[in-house]
Amino acid sequence: MRSFGEPELEALYARLEKPLYNVLYRRVWSREEARDLVQETFVKLWRMRRRIVPDTVEPLVYKIAINLARSRLRRKRVLRWLPLEPLAAAFSDPRGAAEPELARDEERTRLREAVLALPEDLRDVVLLCEFSGMSYRQVAEALAIPEGTVGSRRNRALKRLRKDLERS
Amino acid sequence: MSGADPRPLFEVLEPPPGGLTRLRARIGRERRRRVRRWSLAMAAAALALAALTAPLLPRGDVGPWAPGASDVDVLALQVGLGEPPAETVSIRPDLRRRYAVREVPTTDERVVFFMVGSR
């Protein structure tokens, strides 16, 4: 088995930071929390580095990340009613924060609401398929579901998103 | 909105800069924490081992009847050329059950030998 040390971890981080951040952001809807979760994912991966098979590490990274996001959301739900963040803060890109992109913000808000309305199992599939660049087999591995289910859930999720967006 | 296809709306966001640096720092902290935990665990294990084995170790005082080789030249005593030790040979009461002592007759009355056996 090939070893998984710090250079491998850093290379993996460089490759997965962006897609992972995007998936996590659509789970927690907070840039800061998504950033923290990306970090936590890799620290957790570092802790279990001796048991890692480098060939299957990618689905594992997403599996860890999604589990962390789920437990964070669960904790939040237990602690308090989670108010939606001010939309400007949630969606604004720091580089272009001053730009008044009202129409764009509206679209983002609608999409966010549509994504939030999806059941968790559909949401995870569609986010992983959209951002991770993994194959259906890898997505199935990350979510511990059969490979055939990935395709069907993705289609269902996209259909629901389209329908919700048309309605709004 | 461009049609109702949700895919174009999933714009790809850039993660905040400095992620790798933060990760390196966190892993460094993690390593130091592990080393500290290991050191503490090893120290605790060593203490526990010492506490467990200390009662099993033999005590230093094996009895006043056993002078060391440096104190008495046994060979000289046996041939009657040395001075016998001034101490009286005695067995500690708590050791009496465990050791058998028998006097061995010698040709020199100044020389006293004891056979000591343990049970």
# chains A, B, ... in the order shown; residues from 1 in each chain; ligands from 1

$ residues_around --residues "stretch 152-158 of chain A" --least-positions-apart "5" --cutoff "12 Å" --atoms "only C-alpha atoms" --output "PyMOL selection string"
(chain A and resi 111+114-130+136+139-140+143+145-147+163-165) or (chain B and resi 4-7+10)

$ write_last_selection --atoms "N, CA and C atoms" --output "compact mmCIF listing (two decimals), in the first residue's frame"
# COMPACT_ATOMS: atom_id res chain seq x y z
N LEU A 111 -32.39 29.94 -5.73
CA LEU A 111 -31.70 28.66 -5.84
C LEU A 111 -31.42 28.09 -4.45
N ALA A 114 -34.47 26.66 -3.09
CA ALA A 114 -34.79 25.40 -3.77
C ALA A 114 -33.89 24.27 -3.27
N VAL A 115 -32.61 24.58 -3.08
CA VAL A 115 -31.66 23.56 -2.59
C VAL A 115 -32.03 23.17 -1.16
N LEU A 116 -32.39 24.19 -0.36
CA LEU A 116 -32.76 23.91 1.04
C LEU A 116 -34.03 23.06 1.13
N ALA A 117 -34.87 23.20 0.12
CA ALA A 117 -36.14 22.45 0.14
C ALA A 117 -35.94 20.98 -0.24
N LEU A 118 -34.78 20.68 -0.80
CA LEU A 118 -34.54 19.28 -1.20
C LEU A 118 -34.34 18.40 0.03
N PRO A 119 -34.80 17.17 -0.01
CA PRO A 119 -34.47 16.26 1.08
C PRO A 119 -32.96 16.04 1.11
N GLU A 120 -32.43 15.72 2.28
CA GLU A 120 -30.98 15.64 2.45
C GLU A 120 -30.32 14.65 1.49
N ASP A 121 -30.99 13.51 1.27
CA ASP A 121 -30.35 12.51 0.42
C ASP A 121 -30.23 12.98 -1.03
N LEU A 122 -31.20 13.74 -1.50
CA LEU A 122 -31.12 14.27 -2.87
C LEU A 122 -30.11 15.41 -2.94
N ARG A 123 -30.10 16.20 -1.90
CA ARG A 123 -29.22 17.37 -1.87
C ARG A 123 -27.75 16.93 -1.95
N ASP A 124 -27.39 15.93 -1.13
CA ASP A 124 -25.99 15.48 -1.12
C ASP A 124 -25.58 14.95 -2.49
N VAL A 125 -26.47 14.18 -3.10
CA VAL A 125 -26.13 13.61 -4.40
C VAL A 125 -25.93 14.71 -5.44
N VAL A 126 -26.86 15.64 -5.49
CA VAL A 126 -26.76 16.66 -6.54
C VAL A 126 -25.53 17.55 -6.31
N LEU A 127 -25.22 17.86 -5.07
CA LEU A 127 -24.06 18.71 -4.80
C LEU A 127 -22.76 18.00 -5.16
N LEU A 128 -22.68 16.72 -4.77
CA LEU A 128 -21.45 15.97 -5.10
C LEU A 128 -21.31 15.82 -6.61
N CYS A 129 -22.42 15.55 -7.29
CA CYS A 129 -22.34 15.38 -8.75
C CYS A 129 -21.96 16.70 -9.42
N GLU A 130 -22.45 17.79 -8.90
CA GLU A 130 -22.18 19.09 -9.54
C GLU A 130 -20.76 19.58 -9.30
N TYR A 136 -19.94 8.44 -10.72
CA TYR A 136 -21.10 7.95 -9.95
C TYR A 136 -20.65 6.91 -8.93
N VAL A 139 -19.14 8.75 -6.03
CA VAL A 139 -20.19 9.44 -5.25
C VAL A 139 -20.95 8.41 -4.42
N ALA A 140 -21.22 7.26 -5.05
CA ALA A 140 -21.91 6.19 -4.33
C ALA A 140 -21.11 5.75 -3.12
N LEU A 143 -21.25 8.34 -0.30
CA LEU A 143 -22.54 8.44 0.40
C LEU A 143 -23.07 7.09 0.89
N ILE A 145 -24.19 4.52 -0.78
CA ILE A 145 -25.45 4.13 -1.44
C ILE A 145 -25.09 3.36 -2.71
N PRO A 146 -26.03 2.59 -3.27
CA PRO A 146 -25.71 1.89 -4.52
C PRO A 146 -25.45 2.86 -5.66
N GLU A 147 -24.61 2.43 -6.58
CA GLU A 147 -24.23 3.29 -7.70
C GLU A 147 -25.45 3.72 -8.53
N LYS A 163 -38.28 22.55 -11.17
CA LYS A 163 -39.70 22.84 -10.91
C LYS A 163 -39.83 24.00 -9.92
N ASP A 164 -39.07 23.94 -8.85
CA ASP A 164 -39.12 25.00 -7.83
C ASP A 164 -38.70 26.34 -8.42
N LEU A 165 -37.70 26.31 -9.26
CA LEU A 165 -37.22 27.58 -9.82
C LEU A 165 -38.20 28.15 -10.84
N ALA B 4 -34.74 27.63 -16.74
CA ALA B 4 -34.98 27.09 -15.40
C ALA B 4 -33.96 26.03 -15.04
N ASP B 5 -32.94 25.88 -15.87
CA ASP B 5 -31.92 24.87 -15.59
C ASP B 5 -31.08 25.33 -14.39
N PRO B 6 -31.06 24.57 -13.30
CA PRO B 6 -30.36 25.04 -12.10
C PRO B 6 -28.84 25.02 -12.23
N ARG B 7 -28.33 24.23 -13.17
CA ARG B 7 -26.88 24.06 -13.22
C ARG B 7 -26.08 25.36 -13.40
N PHE B 10 -25.30 27.17 -10.17
CA PHE B 10 -24.33 26.68 -9.20
C PHE B 10 -22.97 27.28 -9.53

$ residues_around --residues "B:Leu13" --least-positions-apart "6" --cutoff "9 Å" --atoms "only C-alpha atoms" --output "list in words"
Lys18, Pro19, Tyr21, Asn22, Tyr25 and Asp93 of chain A

$ interface_residues --of "chain A" --to "chain B" --cutoff "10 Å" --atoms "only C-alpha atoms" --output "PDB file with C-alpha atoms, in the first residue's frame"
ATOM      1  CA  GLU A   6       1.991  15.171   4.661  1.00  0.00           C
ATOM      2  CA  LEU A   9      -2.269  15.380   2.176  1.00  0.00           C
ATOM      3  CA  GLU A  10      -1.194  18.797   0.938  1.00  0.00           C
ATOM      4  CA  ALA A  11      -1.478  17.743  -2.703  1.00  0.00           C
ATOM      5  CA  TYR A  13      -5.897  19.612  -0.245  1.00  0.00           C
ATOM      6  CA  ALA A  14      -4.723  21.691  -3.184  1.00  0.00           C
ATOM      7  CA  GLU A  17     -10.207  22.489  -1.483  1.00  0.00           C
ATOM      8  CA  LYS A  18     -12.307  24.315  -4.040  1.00  0.00           C
ATOM      9  CA  PRO A  19     -14.883  21.628  -4.920  1.00  0.00           C
ATOM     10  CA  LEU A  20     -15.161  20.609  -1.276  1.00  0.00           C
ATOM     11  CA  TYR A  21     -15.663  24.206  -0.190  1.00  0.00           C
ATOM     12  CA  ASN A  22     -18.427  24.599  -2.769  1.00  0.00           C
ATOM     13  CA  VAL A  23     -20.216  21.440  -1.634  1.00  0.00           C
ATOM     14  CA  TYR A  25     -21.035  25.955   1.375  1.00  0.00           C
ATOM     15  CA  ARG A  26     -24.280  24.654  -0.139  1.00  0.00           C
ATOM     16  CA  ARG A  31     -18.532  30.918   3.972  1.00  0.00           C
ATOM     17  CA  GLU A  32     -16.839  30.883   7.343  1.00  0.00           C
ATOM     18  CA  ALA A  34     -17.617  26.021   4.996  1.00  0.00           C
ATOM     19  CA  ARG A  35     -13.999  27.083   5.359  1.00  0.00           C
ATOM     20  CA  ASP A  36     -13.816  25.630   8.881  1.00  0.00           C
ATOM     21  CA  VAL A  38     -12.866  22.011   4.923  1.00  0.00           C
ATOM     22  CA  GLN A  39     -10.101  22.386   7.491  1.00  0.00           C
ATOM     23  CA  GLU A  40     -11.728  19.971   9.928  1.00  0.00           C
ATOM     24  CA  PHE A  42      -8.452  17.423   6.389  1.00  0.00           C
ATOM     25  CA  VAL A  43      -7.403  17.364  10.028  1.00  0.00           C
ATOM     26  CA  LYS A  44      -9.625  14.328  10.495  1.00  0.00           C
ATOM     27  CA  TRP A  46      -4.668  13.446   8.842  1.00  0.00           C
ATOM     28  CA  ARG A  47      -5.598  11.651  12.051  1.00  0.00           C
ATOM     29  CA  PHE A  91     -24.072  35.190  -1.018  1.00  0.00           C
ATOM     30  CA  ASP A  93     -18.389  37.380  -2.972  1.00  0.00           C
ATOM     31  CA  PRO A  94     -15.783  39.324  -0.961  1.00  0.00           C
ATOM     32  CA  ARG A  95     -14.088  40.451  -4.158  1.00  0.00           C
ATOM     33  CA  ALA A 103     -30.955  40.418  -9.887  1.00  0.00           C
ATOM     34  CA  ARG A 104     -28.172  37.958  -9.352  1.00  0.00           C
ATOM     35  CA  GLU A 106     -32.444  37.197  -6.269  1.00  0.00           C
ATOM     36  CA  GLU A 107     -31.505  34.224  -8.413  1.00  0.00           C
ATOM     37  CA  ARG A 108     -29.140  32.999  -5.760  1.00  0.00           C
ATOM     38  CA  ARG A 110     -34.268  31.342  -5.158  1.00  0.00           C
ATOM     39  CA  LEU A 111     -31.699  28.658  -5.840  1.00  0.00           C
ATOM     40  CA  ARG A 112     -30.733  28.544  -2.212  1.00  0.00           C
ATOM     41  CA  ALA A 114     -34.793  25.398  -3.770  1.00  0.00           C
ATOM     42  CA  VAL A 115     -31.665  23.558  -2.587  1.00  0.00           C
ATOM     43  CA  VAL A 126     -26.759  16.657  -6.541  1.00  0.00           C
ATOM     44  CA  LEU A 127     -24.057  18.713  -4.802  1.00  0.00           C
ATOM     45  CA  GLU A 130     -22.181  19.086  -9.543  1.00  0.00           C
ATOM     46  CA  PHE A 131     -18.996  20.011  -7.741  1.00  0.00           C
ATOM     47  CA  LEU A 158     -32.539  18.317 -10.693  1.00  0.00           C
ATOM     48  CA  LYS A 159     -36.156  17.873 -11.671  1.00  0.00           C
ATOM     49  CA  ARG A 160     -37.312  19.229  -8.328  1.00  0.00           C
ATOM     50  CA  LEU A 161     -34.904  22.140  -8.503  1.00  0.00           C
ATOM     51  CA  ARG A 162     -36.101  23.051 -11.989  1.00  0.00           C
ATOM     52  CA  LYS A 163     -39.703  22.835 -10.908  1.00  0.00           C
ATOM     53  CA  ASP A 164     -39.120  25.004  -7.830  1.00  0.00           C
ATOM     54  CA  LEU A 165     -37.224  27.577  -9.819  1.00  0.00           C
ATOM     55  CA  GLU A 166     -39.877  27.740 -12.508  1.00  0.00           C
ATOM     56  CA  ARG A 167     -42.544  28.265  -9.898  1.00  0.00           C
TER      57      ARG A 167
END

$ atom_distance --atom1 "atom CA of A:Ile64" --atom2 "atom CA of A:Arg15"
16.3 Å

$ closest_residue --among "A:Val28, A:Leu37, A:Val78, A:Leu45" --to "A:Leu60" --atoms "only C-alpha atoms"
A:Leu45

$ select_by_dssp --residues "chain A" --states "helix (DSSP H, G or I)" --output "count of residues only"
134

$ residues_around --residues "B:Phe113" --least-positions-apart "6" --cutoff "9 Å" --atoms "only C-alpha atoms" --output "list of chain:residue names"
B:Gln78, B:Arg102, B:Glu103, B:Val104, B:Pro105, B:Thr106
